[in-house]
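So the structure is just underneath, and the comments pick up after that.
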Amino acid sequence: MLDDKTVTEHNIEDKSVQEVTAEATKVCCQCGKELPLSRFRMEIRPNGKKAYRSKCKYCTWLDHREKKLQKKTVTDTFDPNMVILQKRQYKQIKPERILDLSQTGLDIELLGENEIFVKLLNCKDTWLSYYGRMIRKSKGKYNLLNGITYKRSKDGGLVYSFSKNIFKDGKWQFQQVFIGAERLIVDTFIENPDCVNNTYIWHRGNDKSNLYYKDLYPLTREQNAQVRDHYKRTGDDSEEYIVQVMNDIRYKNKEWSAKRYKPTVCGVGYWGCEDVDTDSTAYNKWHGMLHRCYSTKVHEKYPEYIGCIVSEEWKNFSNFRYWYEKNNYGGSNLNLDKDILYKGNKIYSPDTCCLVPGFINTLFTNRKANRGELPLGVYKEEKNGKTCYRAGMEVNGQSIKLGTFKTPEEAFQKYKEYKEQYIKDTAKRYKDKIPYSVYEAMMNWKVEITD
């Protein structure tokens, strides 16, 4: 029963307080039950008068739920003519990054025949496996890390703490970081079609303990919600279904536009976003990278770029800009290099490229197209009517003569020793001015006669 205060607040028209109090129940038009007026919602009619709805609150909620379920059922269907722009792809792992377990002294049972441990970039002696396990070398000893298990609402996750090289206060330094295993796995092994917006990760079977890389899917918030709701109702989270969700415009981020995914640069590069400044340094580097790989005119002038490719992730300018802004530490003066981390590399990707000052980049230029048949750093000369071979290198526009020798092999050996030591000395001098991955590559660089 309603009290006098409630009746007065509701201001029921054309009834006295006594009448409303005596008739403080109402029959729901849907379920047919006689219920207190408090079980009905009040509405303002077009004439301005207030009145209770004819349907009780519970029946109204049932109707809303049914409509919501019907809507979800409809969204489970996809356009049969849908264009699959975003596909499921994995990164190519350089052999140099794979840890030789036989050299570690660890006696561990592999979780699968394909389990390998891959070195994390800009981290000291730290490797991550396809299954989310981590190995770290400390004081000459290899250790299999346990990680930290945390709880986030009803979900659990695994977090690793390790030392990562970051640019802070004008220099590169190591700092202890905490990163979720799932994010590390996605960044290391999976081609992410949209690094900016794919901030959610779906685990196959909605099992947070499942960290196998082929069971993880980077998705937008909307895509993740759709996959989750569909899985709860049907038990289906197949890759075929998830790829369809990834390509359905209903689950794209609000800024998504089909025209931004049309290749406009060299037939392969697309913007992937709306806010593109074509005069920016990031765009110019991205544009130049694509032309080096896919422009026939560039190949005619610079044949050394024939066979070079850009990873799927970096064909999207939005992804390249995301990486560039995270790794930029010297403005527009830095060069995008693909050869320092891995000699002979032909792939432009976030895992194979680095940003370095121009003077460091020139240390690795071999000028093979212009030096003829002689080894790198060797020049043929005529001295006193005899043929000899001079070793030398150029640094910052200045020529350094290293001596003359009877054979090109002897001259190259002198050049090799000097060049390798010079690269090491430069790395030590600029250790806190360059990323650790670059420093490490320079300290281990070997000059070969076949370069």
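Convention: chains lettered A, B, ... in structure tokens order; per-chain residue numbering from 1; ligands numbered from 1 as shown.
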
For this session: Write out as a ChimeraX atom specification which residues come within 9 Å of Pro435 of chain A when counting only C-alpha atoms, dropping same-chain ones fewer than 5 positions away.
Result: /A:122,165-167,172-173,327,354-356,440

Output the selection as an mmCIF file, in the first residue's frame - C-alpha atoms for each residue.
```cif
data_model
loop_
_atom_site.group_PDB
_atom_site.id
_atom_site.type_symbol
_atom_site.label_atom_id
_atom_site.label_comp_id
_atom_site.auth_asym_id
_atom_site.auth_seq_id
_atom_site.Cartn_x
_atom_site.Cartn_y
_atom_site.Cartn_z
ATOM 1 C CA ASN A 122 65.455 -3.653 -26.198
ATOM 2 C CA ASN A 165 65.333 -0.081 -22.348
ATOM 3 C CA ILE A 166 63.323 3.145 -22.627
ATOM 4 C CA PHE A 167 64.095 6.737 -23.607
ATOM 5 C CA TRP A 172 68.232 5.574 -23.083
ATOM 6 C CA GLN A 173 68.136 3.724 -19.782
ATOM 7 C CA ASN A 327 60.469 4.873 -30.704
ATOM 8 C CA CYS A 354 65.359 0.871 -35.817
ATOM 9 C CA LEU A 355 65.791 4.631 -35.757
ATOM 10 C CA VAL A 356 69.414 5.802 -35.683
ATOM 11 C CA GLU A 440 73.946 -4.669 -28.943
#
```

For this session: Please provide the set of residues having any atom within 8 Å of Phe189 of chain A, restricted to only C-alpha atoms, with same-chain residues fewer than 6 positions apart removed, written as a ChimeraX atom specification.
Result: /A:90-93,130,213

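The shell of residues at most 7 Å from segment 394-409 of chain A, with only C-alpha atoms counted and near chain neighbours (fewer than 5 positions) removed, consists of Phe359, Val378, Cys388 and Tyr389 of chain A.
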
Selection export as a PDB file, in the first residue's frame, atoms kept: N, CA and C atoms:
```pdb
ATOM      1  N   PHE A 359      74.880   9.597 -38.842  1.00  0.00           N
ATOM      2  CA  PHE A 359      76.304   9.247 -38.858  1.00  0.00           C
ATOM      3  C   PHE A 359      76.521   7.784 -38.476  1.00  0.00           C
ATOM      4  N   VAL A 378      88.542  -1.814 -49.762  1.00  0.00           N
ATOM      5  CA  VAL A 378      89.800  -2.068 -50.475  1.00  0.00           C
ATOM      6  C   VAL A 378      89.792  -1.318 -51.812  1.00  0.00           C
ATOM      7  N   CYS A 388      99.155  -2.481 -56.108  1.00  0.00           N
ATOM      8  CA  CYS A 388      98.982  -2.758 -54.674  1.00  0.00           C
ATOM      9  C   CYS A 388      97.544  -2.436 -54.271  1.00  0.00           C
ATOM     10  N   TYR A 389      97.216  -2.755 -53.037  1.00  0.00           N
ATOM     11  CA  TYR A 389      95.833  -2.581 -52.585  1.00  0.00           C
ATOM     12  C   TYR A 389      95.819  -1.795 -51.273  1.00  0.00           C
TER      13      TYR A 389
END
```

Problem set entry | Pairwise distance for atom CA of Gln89 of chain A and atom CA of Trp286 of chain A, rounded to one decimal in Å | 21.1 Å

Problem set entry | Residues near Thr199 of chain A, cut-off 7 Å, only C-alpha atoms, skip fewer than 2 positions along chain, as number ranges by chain | A: 197, 201, 218-220

Okay, now the selection with N, CA and C atoms, as a compact mmCIF listing (two decimals), in the first residue's frame?
```txt
# COMPACT_ATOMS: atom_id res chain seq x y z
N ASN A 197 43.76 0.84 -32.12
CA ASN A 197 42.41 0.55 -31.62
C ASN A 197 42.23 -0.86 -31.08
N ILE A 201 42.19 -8.11 -26.00
CA ILE A 201 42.72 -9.38 -26.50
C ILE A 201 41.75 -10.50 -26.10
N PRO A 218 43.93 -9.85 -31.08
CA PRO A 218 43.81 -8.42 -30.75
C PRO A 218 42.58 -7.83 -31.44
N LEU A 219 41.69 -7.23 -30.65
CA LEU A 219 40.42 -6.72 -31.19
C LEU A 219 40.11 -5.34 -30.63
N THR A 220 39.17 -4.65 -31.27
CA THR A 220 38.65 -3.41 -30.71
C THR A 220 37.69 -3.75 -29.58
```

Seminar exercise, completed: If you count only C-alpha atoms, the residue of A:Lys254, A:Lys346, A:Arg292, A:Lys419 closest to Cys266 of chain A turns out to be A:Arg292

Problem set entry | d(atom CA of Ile423 of chain A, atom CA of Met393 of chain A) in Å | 12.0 Å

For this session: Give me the residues within 10 Å of Met289 of chain A as a ChimeraX atom specification, counting only C-alpha atoms and dropping any in the same chain fewer than 4 places off.
Result: /A:283-285,293-295,308-310,314-315,336-337,348

Restricting the output to N, CA and C atoms, write the selected residues as a compact mmCIF listing (two decimals), in the first residue's frame.
```
# COMPACT_ATOMS: atom_id res chain seq x y z
N TYR A 283 55.02 10.39 -41.80
CA TYR A 283 54.44 10.05 -43.11
C TYR A 283 55.51 9.99 -44.19
N ASN A 284 56.43 10.93 -44.19
CA ASN A 284 57.48 10.94 -45.21
C ASN A 284 58.36 9.70 -45.11
N LYS A 285 58.65 9.26 -43.90
CA LYS A 285 59.47 8.04 -43.74
C LYS A 285 58.70 6.81 -44.20
N CYS A 293 60.63 -0.14 -51.55
CA CYS A 293 60.31 -1.56 -51.72
C CYS A 293 59.51 -1.85 -52.99
N TYR A 294 58.66 -0.92 -53.42
CA TYR A 294 57.70 -1.27 -54.46
C TYR A 294 57.71 -0.35 -55.68
N SER A 295 58.61 0.62 -55.73
CA SER A 295 58.65 1.53 -56.88
C SER A 295 59.70 1.07 -57.89
N CYS A 308 63.07 -6.17 -51.42
CA CYS A 308 62.69 -5.71 -50.08
C CYS A 308 61.16 -5.61 -49.99
N ILE A 309 60.63 -5.90 -48.83
CA ILE A 309 59.18 -5.85 -48.63
C ILE A 309 58.86 -5.14 -47.31
N VAL A 310 57.60 -4.75 -47.17
CA VAL A 310 57.10 -4.13 -45.95
C VAL A 310 56.14 -5.11 -45.29
N TRP A 314 52.93 -2.81 -41.18
CA TRP A 314 53.40 -1.48 -41.57
C TRP A 314 52.85 -0.98 -42.89
N LYS A 315 52.08 -1.78 -43.58
CA LYS A 315 51.40 -1.26 -44.76
C LYS A 315 50.31 -0.28 -44.35
N LEU A 336 65.49 5.75 -40.69
CA LEU A 336 64.85 4.45 -40.53
C LEU A 336 65.74 3.42 -41.18
N ASP A 337 66.27 2.48 -40.40
CA ASP A 337 67.23 1.50 -40.91
C ASP A 337 66.72 0.08 -40.71
N TYR A 348 61.00 -4.61 -43.89
CA TYR A 348 60.73 -3.45 -43.04
C TYR A 348 59.57 -3.81 -42.12
```

Out of segment 208-391 of chain A, which residues get helix (DSSP H, G or I) from DSSP, as a tab-separated table (two decimals) with N, CA and C atoms, in the first residue's frame?
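Contents of out02.tsv, as written:
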```
chain	number	residue	atom	x	y	z
A	213	TYR	N	49.90	-18.41	-28.67
A	213	TYR	CA	49.77	-17.24	-29.56
A	213	TYR	C	48.68	-17.39	-30.62
A	214	LYS	N	48.41	-18.60	-31.08
A	214	LYS	CA	47.37	-18.79	-32.10
A	214	LYS	C	45.96	-18.76	-31.50
A	215	ASP	N	45.88	-18.68	-30.17
A	215	ASP	CA	44.58	-18.59	-29.51
A	215	ASP	C	44.31	-17.18	-28.97
A	221	ARG	N	37.29	-2.75	-28.85
A	221	ARG	CA	36.34	-2.97	-27.74
A	221	ARG	C	35.03	-3.56	-28.27
A	222	GLU	N	34.54	-3.01	-29.39
A	222	GLU	CA	33.28	-3.47	-29.95
A	222	GLU	C	33.40	-4.91	-30.46
A	223	GLN	N	34.50	-5.22	-31.12
A	223	GLN	CA	34.70	-6.57	-31.63
A	223	GLN	C	34.79	-7.58	-30.49
A	224	ASN	N	35.54	-7.23	-29.45
A	224	ASN	CA	35.70	-8.12	-28.31
A	224	ASN	C	34.36	-8.40	-27.63
A	225	ALA	N	33.53	-7.34	-27.50
A	225	ALA	CA	32.22	-7.51	-26.86
A	225	ALA	C	31.33	-8.43	-27.68
A	226	GLN	N	31.36	-8.29	-29.00
A	226	GLN	CA	30.54	-9.13	-29.86
A	226	GLN	C	30.98	-10.60	-29.79
A	227	VAL	N	32.30	-10.82	-29.84
A	227	VAL	CA	32.81	-12.20	-29.75
A	227	VAL	C	32.45	-12.81	-28.40
A	228	ARG	N	32.58	-12.03	-27.34
A	228	ARG	CA	32.27	-12.52	-25.99
A	228	ARG	C	30.80	-12.89	-25.87
A	229	ASP	N	29.90	-12.00	-26.33
A	229	ASP	CA	28.47	-12.27	-26.22
A	229	ASP	C	28.07	-13.47	-27.07
A	230	HIS	N	28.63	-13.56	-28.26
A	230	HIS	CA	28.33	-14.69	-29.14
A	230	HIS	C	28.82	-15.99	-28.52
A	231	TYR	N	30.00	-15.96	-27.92
A	231	TYR	CA	30.55	-17.17	-27.30
A	231	TYR	C	29.70	-17.62	-26.10
A	232	LYS	N	29.22	-16.67	-25.31
A	232	LYS	CA	28.40	-17.01	-24.16
A	232	LYS	C	27.10	-17.69	-24.58
A	233	ARG	N	26.55	-17.26	-25.73
A	233	ARG	CA	25.27	-17.81	-26.18
A	233	ARG	C	25.41	-19.09	-26.99
A	234	THR	N	26.51	-19.21	-27.72
A	234	THR	CA	26.62	-20.33	-28.66
A	234	THR	C	27.81	-21.26	-28.39
A	239	GLU	N	37.95	-19.18	-35.39
A	239	GLU	CA	38.70	-18.14	-36.09
A	239	GLU	C	37.90	-17.57	-37.26
A	240	GLU	N	37.14	-18.42	-37.92
A	240	GLU	CA	36.32	-17.95	-39.04
A	240	GLU	C	35.33	-16.89	-38.58
A	241	TYR	N	34.70	-17.13	-37.43
A	241	TYR	CA	33.74	-16.17	-36.90
A	241	TYR	C	34.44	-14.88	-36.48
A	242	ILE	N	35.57	-14.99	-35.78
A	242	ILE	CA	36.27	-13.80	-35.30
A	242	ILE	C	36.76	-12.94	-36.47
A	243	VAL	N	37.27	-13.56	-37.52
A	243	VAL	CA	37.72	-12.80	-38.70
A	243	VAL	C	36.56	-12.06	-39.33
A	244	GLN	N	35.38	-12.66	-39.34
A	244	GLN	CA	34.21	-11.98	-39.88
A	244	GLN	C	33.85	-10.77	-39.02
A	245	VAL	N	33.93	-10.93	-37.71
A	245	VAL	CA	33.67	-9.80	-36.81
A	245	VAL	C	34.69	-8.69	-37.05
A	246	MET	N	35.96	-9.06	-37.25
A	246	MET	CA	37.02	-8.08	-37.49
A	246	MET	C	36.74	-7.25	-38.74
A	247	ASN	N	36.05	-7.83	-39.71
A	247	ASN	CA	35.83	-7.15	-40.98
A	247	ASN	C	34.43	-6.56	-41.13
A	249	ILE	N	31.76	-3.86	-40.54
A	249	ILE	CA	31.85	-2.42	-40.23
A	249	ILE	C	31.04	-2.07	-38.98
A	250	ARG	N	30.10	-2.93	-38.57
A	250	ARG	CA	29.30	-2.64	-37.37
A	250	ARG	C	30.13	-2.67	-36.10
A	251	TYR	N	31.28	-3.32	-36.16
A	251	TYR	CA	32.11	-3.46	-34.96
A	251	TYR	C	33.44	-2.72	-35.09
A	258	ALA	N	36.06	3.07	-44.85
A	258	ALA	CA	36.48	2.10	-45.86
A	258	ALA	C	37.52	2.69	-46.81
A	259	LYS	N	37.37	3.96	-47.13
A	259	LYS	CA	38.30	4.57	-48.08
A	259	LYS	C	39.71	4.67	-47.53
A	260	ARG	N	39.84	4.69	-46.19
A	260	ARG	CA	41.17	4.77	-45.58
A	260	ARG	C	41.90	3.42	-45.60
A	261	TYR	N	41.22	2.39	-46.06
A	261	TYR	CA	41.86	1.08	-46.16
A	261	TYR	C	42.10	0.67	-47.61
A	281	THR	N	56.96	14.07	-40.52
A	281	THR	CA	58.15	13.23	-40.67
A	281	THR	C	57.77	11.76	-40.73
A	282	ALA	N	56.84	11.36	-39.88
A	282	ALA	CA	56.41	9.96	-39.86
A	282	ALA	C	55.86	9.54	-41.22
A	283	TYR	N	55.02	10.39	-41.80
A	283	TYR	CA	54.44	10.05	-43.11
A	283	TYR	C	55.51	9.99	-44.19
A	284	ASN	N	56.43	10.93	-44.19
A	284	ASN	CA	57.48	10.94	-45.21
A	284	ASN	C	58.36	9.70	-45.11
A	285	LYS	N	58.65	9.26	-43.90
A	285	LYS	CA	59.47	8.04	-43.74
A	285	LYS	C	58.70	6.81	-44.20
A	286	TRP	N	57.41	6.77	-43.87
A	286	TRP	CA	56.56	5.65	-44.31
A	286	TRP	C	56.44	5.63	-45.83
A	287	HIS	N	56.20	6.78	-46.40
A	287	HIS	CA	56.05	6.91	-47.85
A	287	HIS	C	57.34	6.50	-48.56
A	288	GLY	N	58.49	6.96	-48.03
A	288	GLY	CA	59.78	6.61	-48.63
A	288	GLY	C	60.08	5.14	-48.52
A	289	MET	N	59.72	4.54	-47.39
A	289	MET	CA	59.94	3.11	-47.19
A	289	MET	C	59.17	2.29	-48.23
A	290	LEU	N	57.92	2.62	-48.46
A	290	LEU	CA	57.11	1.90	-49.44
A	290	LEU	C	57.67	2.05	-50.85
A	291	HIS	N	58.14	3.23	-51.18
A	291	HIS	CA	58.69	3.46	-52.52
A	291	HIS	C	60.00	2.69	-52.71
A	292	ARG	N	60.81	2.59	-51.65
A	292	ARG	CA	62.05	1.81	-51.77
A	292	ARG	C	61.75	0.35	-52.07
A	293	CYS	N	60.63	-0.14	-51.55
A	293	CYS	CA	60.31	-1.56	-51.72
A	293	CYS	C	59.51	-1.85	-52.99
A	294	TYR	N	58.66	-0.92	-53.42
A	294	TYR	CA	57.70	-1.27	-54.46
A	294	TYR	C	57.71	-0.35	-55.68
A	296	THR	N	59.29	0.83	-59.12
A	296	THR	CA	60.23	0.40	-60.16
A	296	THR	C	61.23	1.51	-60.48
A	297	LYS	N	60.81	2.75	-60.36
A	297	LYS	CA	61.72	3.86	-60.63
A	297	LYS	C	62.85	3.89	-59.60
A	298	VAL	N	62.49	3.64	-58.35
A	298	VAL	CA	63.52	3.59	-57.28
A	298	VAL	C	64.46	2.41	-57.53
A	299	HIS	N	63.92	1.29	-57.94
A	299	HIS	CA	64.74	0.10	-58.18
A	299	HIS	C	65.71	0.30	-59.34
A	300	GLU	N	65.32	1.10	-60.32
A	300	GLU	CA	66.22	1.38	-61.44
A	300	GLU	C	67.44	2.16	-60.97
A	301	LYS	N	67.23	3.04	-60.02
A	301	LYS	CA	68.31	3.87	-59.50
A	301	LYS	C	69.05	3.20	-58.35
A	303	PRO	N	69.16	-0.50	-57.19
A	303	PRO	CA	68.79	-1.91	-57.33
A	303	PRO	C	68.95	-2.72	-56.06
A	304	GLU	N	69.67	-2.19	-55.08
A	304	GLU	CA	69.86	-2.94	-53.82
A	304	GLU	C	68.54	-3.11	-53.05
A	305	TYR	N	67.52	-2.33	-53.43
A	305	TYR	CA	66.23	-2.45	-52.75
A	305	TYR	C	65.30	-3.45	-53.42
A	313	GLU	N	51.78	-5.34	-41.11
A	313	GLU	CA	51.46	-4.37	-40.06
A	313	GLU	C	51.82	-2.96	-40.49
A	314	TRP	N	52.93	-2.81	-41.18
A	314	TRP	CA	53.40	-1.48	-41.57
A	314	TRP	C	52.85	-0.98	-42.89
A	315	LYS	N	52.08	-1.78	-43.58
A	315	LYS	CA	51.40	-1.26	-44.76
A	315	LYS	C	50.31	-0.28	-44.35
A	317	PHE	N	49.56	2.94	-42.43
A	317	PHE	CA	50.30	4.09	-41.92
A	317	PHE	C	50.02	4.33	-40.44
A	318	SER	N	48.78	4.12	-40.01
A	318	SER	CA	48.43	4.33	-38.61
A	318	SER	C	49.32	3.48	-37.70
A	319	ASN	N	49.58	2.24	-38.10
A	319	ASN	CA	50.45	1.36	-37.31
A	319	ASN	C	51.89	1.84	-37.32
A	320	PHE	N	52.37	2.28	-38.50
A	320	PHE	CA	53.75	2.78	-38.59
A	320	PHE	C	53.92	4.01	-37.71
A	321	ARG	N	52.97	4.93	-37.77
A	321	ARG	CA	53.05	6.15	-36.96
A	321	ARG	C	53.05	5.81	-35.48
A	322	TYR	N	52.24	4.84	-35.10
A	322	TYR	CA	52.18	4.40	-33.70
A	322	TYR	C	53.56	3.93	-33.25
A	323	TRP	N	54.24	3.11	-34.06
A	323	TRP	CA	55.58	2.63	-33.74
A	323	TRP	C	56.59	3.79	-33.74
A	324	TYR	N	56.50	4.64	-34.74
A	324	TYR	CA	57.47	5.73	-34.89
A	324	TYR	C	57.42	6.68	-33.69
A	325	GLU	N	56.22	7.02	-33.27
A	325	GLU	CA	56.09	7.95	-32.15
A	325	GLU	C	56.56	7.32	-30.84
A	326	LYS	N	56.42	6.01	-30.69
A	326	LYS	CA	56.88	5.33	-29.48
A	326	LYS	C	58.40	5.20	-29.45
A	327	ASN	N	59.03	5.14	-30.63
A	327	ASN	CA	60.47	4.87	-30.70
A	327	ASN	C	61.31	6.07	-31.11
A	331	GLY	N	63.80	13.32	-33.20
A	331	GLY	CA	63.14	14.15	-34.20
A	331	GLY	C	63.35	13.64	-35.61
A	332	SER	N	63.33	14.56	-36.55
A	332	SER	CA	63.41	14.21	-37.97
A	332	SER	C	64.81	13.84	-38.43
A	333	ASN	N	65.81	13.99	-37.56
A	333	ASN	CA	67.19	13.70	-37.95
A	333	ASN	C	67.53	12.22	-37.92
A	358	GLY	N	72.04	9.71	-38.41
A	358	GLY	CA	72.60	9.51	-39.75
A	358	GLY	C	74.06	9.07	-39.75
A	359	PHE	N	74.88	9.60	-38.84
A	359	PHE	CA	76.30	9.25	-38.86
A	359	PHE	C	76.52	7.78	-38.48
A	360	ILE	N	75.63	7.22	-37.67
A	360	ILE	CA	75.73	5.79	-37.35
A	360	ILE	C	75.24	4.96	-38.52
A	361	ASN	N	74.20	5.41	-39.15
A	361	ASN	CA	73.67	4.67	-40.29
A	361	ASN	C	74.70	4.52	-41.40
A	362	THR	N	75.53	5.56	-41.62
A	362	THR	CA	76.52	5.50	-42.70
A	362	THR	C	77.63	4.49	-42.42
A	363	LEU	N	77.80	4.10	-41.16
A	363	LEU	CA	78.83	3.11	-40.83
A	363	LEU	C	78.54	1.75	-41.45
A	364	PHE	N	77.30	1.52	-41.82
A	364	PHE	CA	76.91	0.21	-42.32
A	364	PHE	C	76.61	0.23	-43.82
```

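Between atom CA of Leu120 of chain A and atom CA of Arg183 of chain A the separation is 12.5 Å.
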
Mind the document's chain letters and residue numbers, and return as a short mmCIF file (atom, residue, chain, number, x, y, z; two decimals) with N, CA and C atoms, in the first residue's frame the residues of segment 52-177 of chain A that DSSP labels strand (DSSP E).
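So the final result, stored in out24.cif, reads:
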```cif
data_model
loop_
_atom_site.label_atom_id
_atom_site.label_comp_id
_atom_site.auth_asym_id
_atom_site.auth_seq_id
_atom_site.Cartn_x
_atom_site.Cartn_y
_atom_site.Cartn_z
N TYR A 52 0.22 5.84 -14.35
CA TYR A 52 1.01 4.63 -14.28
C TYR A 52 0.88 3.84 -15.58
N ARG A 53 1.96 3.21 -16.01
CA ARG A 53 1.91 2.40 -17.22
C ARG A 53 1.05 1.16 -16.98
N SER A 54 0.56 0.60 -18.07
CA SER A 54 -0.32 -0.56 -17.96
C SER A 54 0.45 -1.86 -17.77
N LYS A 55 1.77 -1.83 -18.06
CA LYS A 55 2.60 -3.01 -17.94
C LYS A 55 3.53 -2.86 -16.74
N CYS A 56 3.64 -3.91 -15.94
CA CYS A 56 4.48 -3.84 -14.74
C CYS A 56 5.96 -3.76 -15.12
N PHE A 117 61.71 -19.94 -27.91
CA PHE A 117 61.84 -18.74 -27.09
C PHE A 117 62.51 -17.66 -27.94
N VAL A 118 61.84 -16.53 -28.08
CA VAL A 118 62.27 -15.46 -28.98
C VAL A 118 62.71 -14.25 -28.17
N LYS A 119 63.84 -13.69 -28.54
CA LYS A 119 64.41 -12.56 -27.79
C LYS A 119 63.53 -11.33 -27.91
N THR A 126 66.40 -11.53 -22.52
CA THR A 126 65.06 -11.96 -22.14
C THR A 126 64.36 -12.55 -23.35
N TRP A 127 63.80 -13.76 -23.18
CA TRP A 127 63.16 -14.47 -24.29
C TRP A 127 61.74 -14.88 -23.91
N LEU A 128 60.84 -14.83 -24.90
CA LEU A 128 59.43 -15.18 -24.70
C LEU A 128 59.04 -16.29 -25.66
N SER A 129 58.22 -17.24 -25.19
CA SER A 129 57.81 -18.36 -26.04
C SER A 129 56.41 -18.17 -26.60
N MET A 134 58.57 -17.28 -20.16
CA MET A 134 59.70 -16.35 -20.31
C MET A 134 60.96 -16.91 -19.68
N ILE A 135 62.09 -16.73 -20.38
CA ILE A 135 63.41 -17.10 -19.87
C ILE A 135 64.26 -15.83 -19.81
N ARG A 136 64.99 -15.70 -18.72
CA ARG A 136 65.89 -14.54 -18.58
C ARG A 136 67.26 -15.02 -18.12
N LYS A 137 68.29 -14.40 -18.66
CA LYS A 137 69.65 -14.72 -18.25
C LYS A 137 70.14 -13.63 -17.31
N SER A 138 70.58 -14.05 -16.15
CA SER A 138 71.07 -13.10 -15.15
C SER A 138 72.31 -13.67 -14.49
N LYS A 141 73.42 -17.08 -15.66
CA LYS A 141 72.56 -18.23 -15.47
C LYS A 141 71.19 -17.95 -16.09
N TYR A 142 70.66 -18.99 -16.78
CA TYR A 142 69.33 -18.88 -17.39
C TYR A 142 68.27 -19.35 -16.39
N ASN A 143 67.17 -18.62 -16.36
CA ASN A 143 66.08 -18.96 -15.44
C ASN A 143 64.74 -18.90 -16.16
N LEU A 144 63.89 -19.88 -15.88
CA LEU A 144 62.52 -19.87 -16.38
C LEU A 144 61.68 -19.11 -15.37
N LEU A 145 61.11 -17.98 -15.78
CA LEU A 145 60.39 -17.11 -14.85
C LEU A 145 58.98 -17.61 -14.60
N ILE A 148 53.81 -13.11 -12.45
CA ILE A 148 52.93 -12.74 -11.34
C ILE A 148 51.50 -12.94 -11.79
N THR A 149 50.72 -13.69 -11.03
CA THR A 149 49.31 -13.87 -11.35
C THR A 149 48.51 -12.80 -10.63
N TYR A 150 47.64 -12.16 -11.36
CA TYR A 150 46.81 -11.11 -10.76
C TYR A 150 45.35 -11.37 -11.08
N LYS A 151 44.46 -10.73 -10.34
CA LYS A 151 43.03 -10.88 -10.58
C LYS A 151 42.45 -9.52 -10.95
N ARG A 152 41.65 -9.54 -12.01
CA ARG A 152 41.01 -8.32 -12.48
C ARG A 152 39.53 -8.66 -12.64
N ASP A 155 38.41 -12.10 -14.00
CA ASP A 155 39.44 -12.63 -14.88
C ASP A 155 40.79 -12.67 -14.19
N GLY A 156 41.59 -13.64 -14.56
CA GLY A 156 42.96 -13.72 -14.07
C GLY A 156 43.93 -13.51 -15.20
N GLY A 157 45.13 -13.11 -14.91
CA GLY A 157 46.11 -12.89 -15.96
C GLY A 157 47.51 -13.09 -15.43
N LEU A 158 48.46 -13.14 -16.35
CA LEU A 158 49.86 -13.33 -15.99
C LEU A 158 50.64 -12.08 -16.38
N VAL A 159 51.43 -11.57 -15.45
CA VAL A 159 52.23 -10.37 -15.68
C VAL A 159 53.70 -10.70 -15.43
N TYR A 160 54.56 -10.17 -16.30
CA TYR A 160 56.00 -10.36 -16.11
C TYR A 160 56.64 -9.02 -15.73
N SER A 161 57.61 -9.11 -14.85
CA SER A 161 58.42 -7.96 -14.46
C SER A 161 59.83 -8.18 -15.01
N PHE A 162 60.31 -7.22 -15.79
CA PHE A 162 61.65 -7.34 -16.34
C PHE A 162 62.17 -5.95 -16.69
N SER A 163 63.45 -5.89 -17.04
CA SER A 163 64.11 -4.62 -17.32
C SER A 163 64.03 -4.32 -18.81
N LYS A 164 63.51 -3.15 -19.14
CA LYS A 164 63.33 -2.75 -20.54
C LYS A 164 64.02 -1.42 -20.79
N ASN A 165 64.63 -1.30 -21.96
CA ASN A 165 65.33 -0.08 -22.35
C ASN A 165 64.34 0.94 -22.87
N ILE A 166 64.25 2.10 -22.21
CA ILE A 166 63.32 3.15 -22.63
C ILE A 166 64.06 4.48 -22.69
N PHE A 167 63.50 5.41 -23.47
CA PHE A 167 64.10 6.74 -23.61
C PHE A 167 63.43 7.67 -22.61
N LYS A 168 64.21 8.16 -21.66
CA LYS A 168 63.67 8.99 -20.60
C LYS A 168 64.70 10.03 -20.18
N LYS A 171 67.85 10.38 -22.46
CA LYS A 171 68.81 9.29 -22.69
C LYS A 171 68.11 7.94 -22.57
N TRP A 172 68.75 6.93 -23.16
CA TRP A 172 68.23 5.57 -23.08
C TRP A 172 68.72 4.93 -21.79
N GLN A 173 67.79 4.35 -21.04
CA GLN A 173 68.14 3.72 -19.78
C GLN A 173 67.20 2.55 -19.51
N PHE A 174 67.65 1.65 -18.65
CA PHE A 174 66.83 0.49 -18.32
C PHE A 174 65.93 0.80 -17.13
N GLN A 175 64.71 0.31 -17.25
CA GLN A 175 63.73 0.55 -16.19
C GLN A 175 62.88 -0.70 -16.01
N GLN A 176 62.58 -1.01 -14.76
CA GLN A 176 61.75 -2.19 -14.47
C GLN A 176 60.32 -1.92 -14.89
N VAL A 177 59.75 -2.82 -15.68
CA VAL A 177 58.38 -2.66 -16.17
C VAL A 177 57.55 -3.90 -15.83
#
```
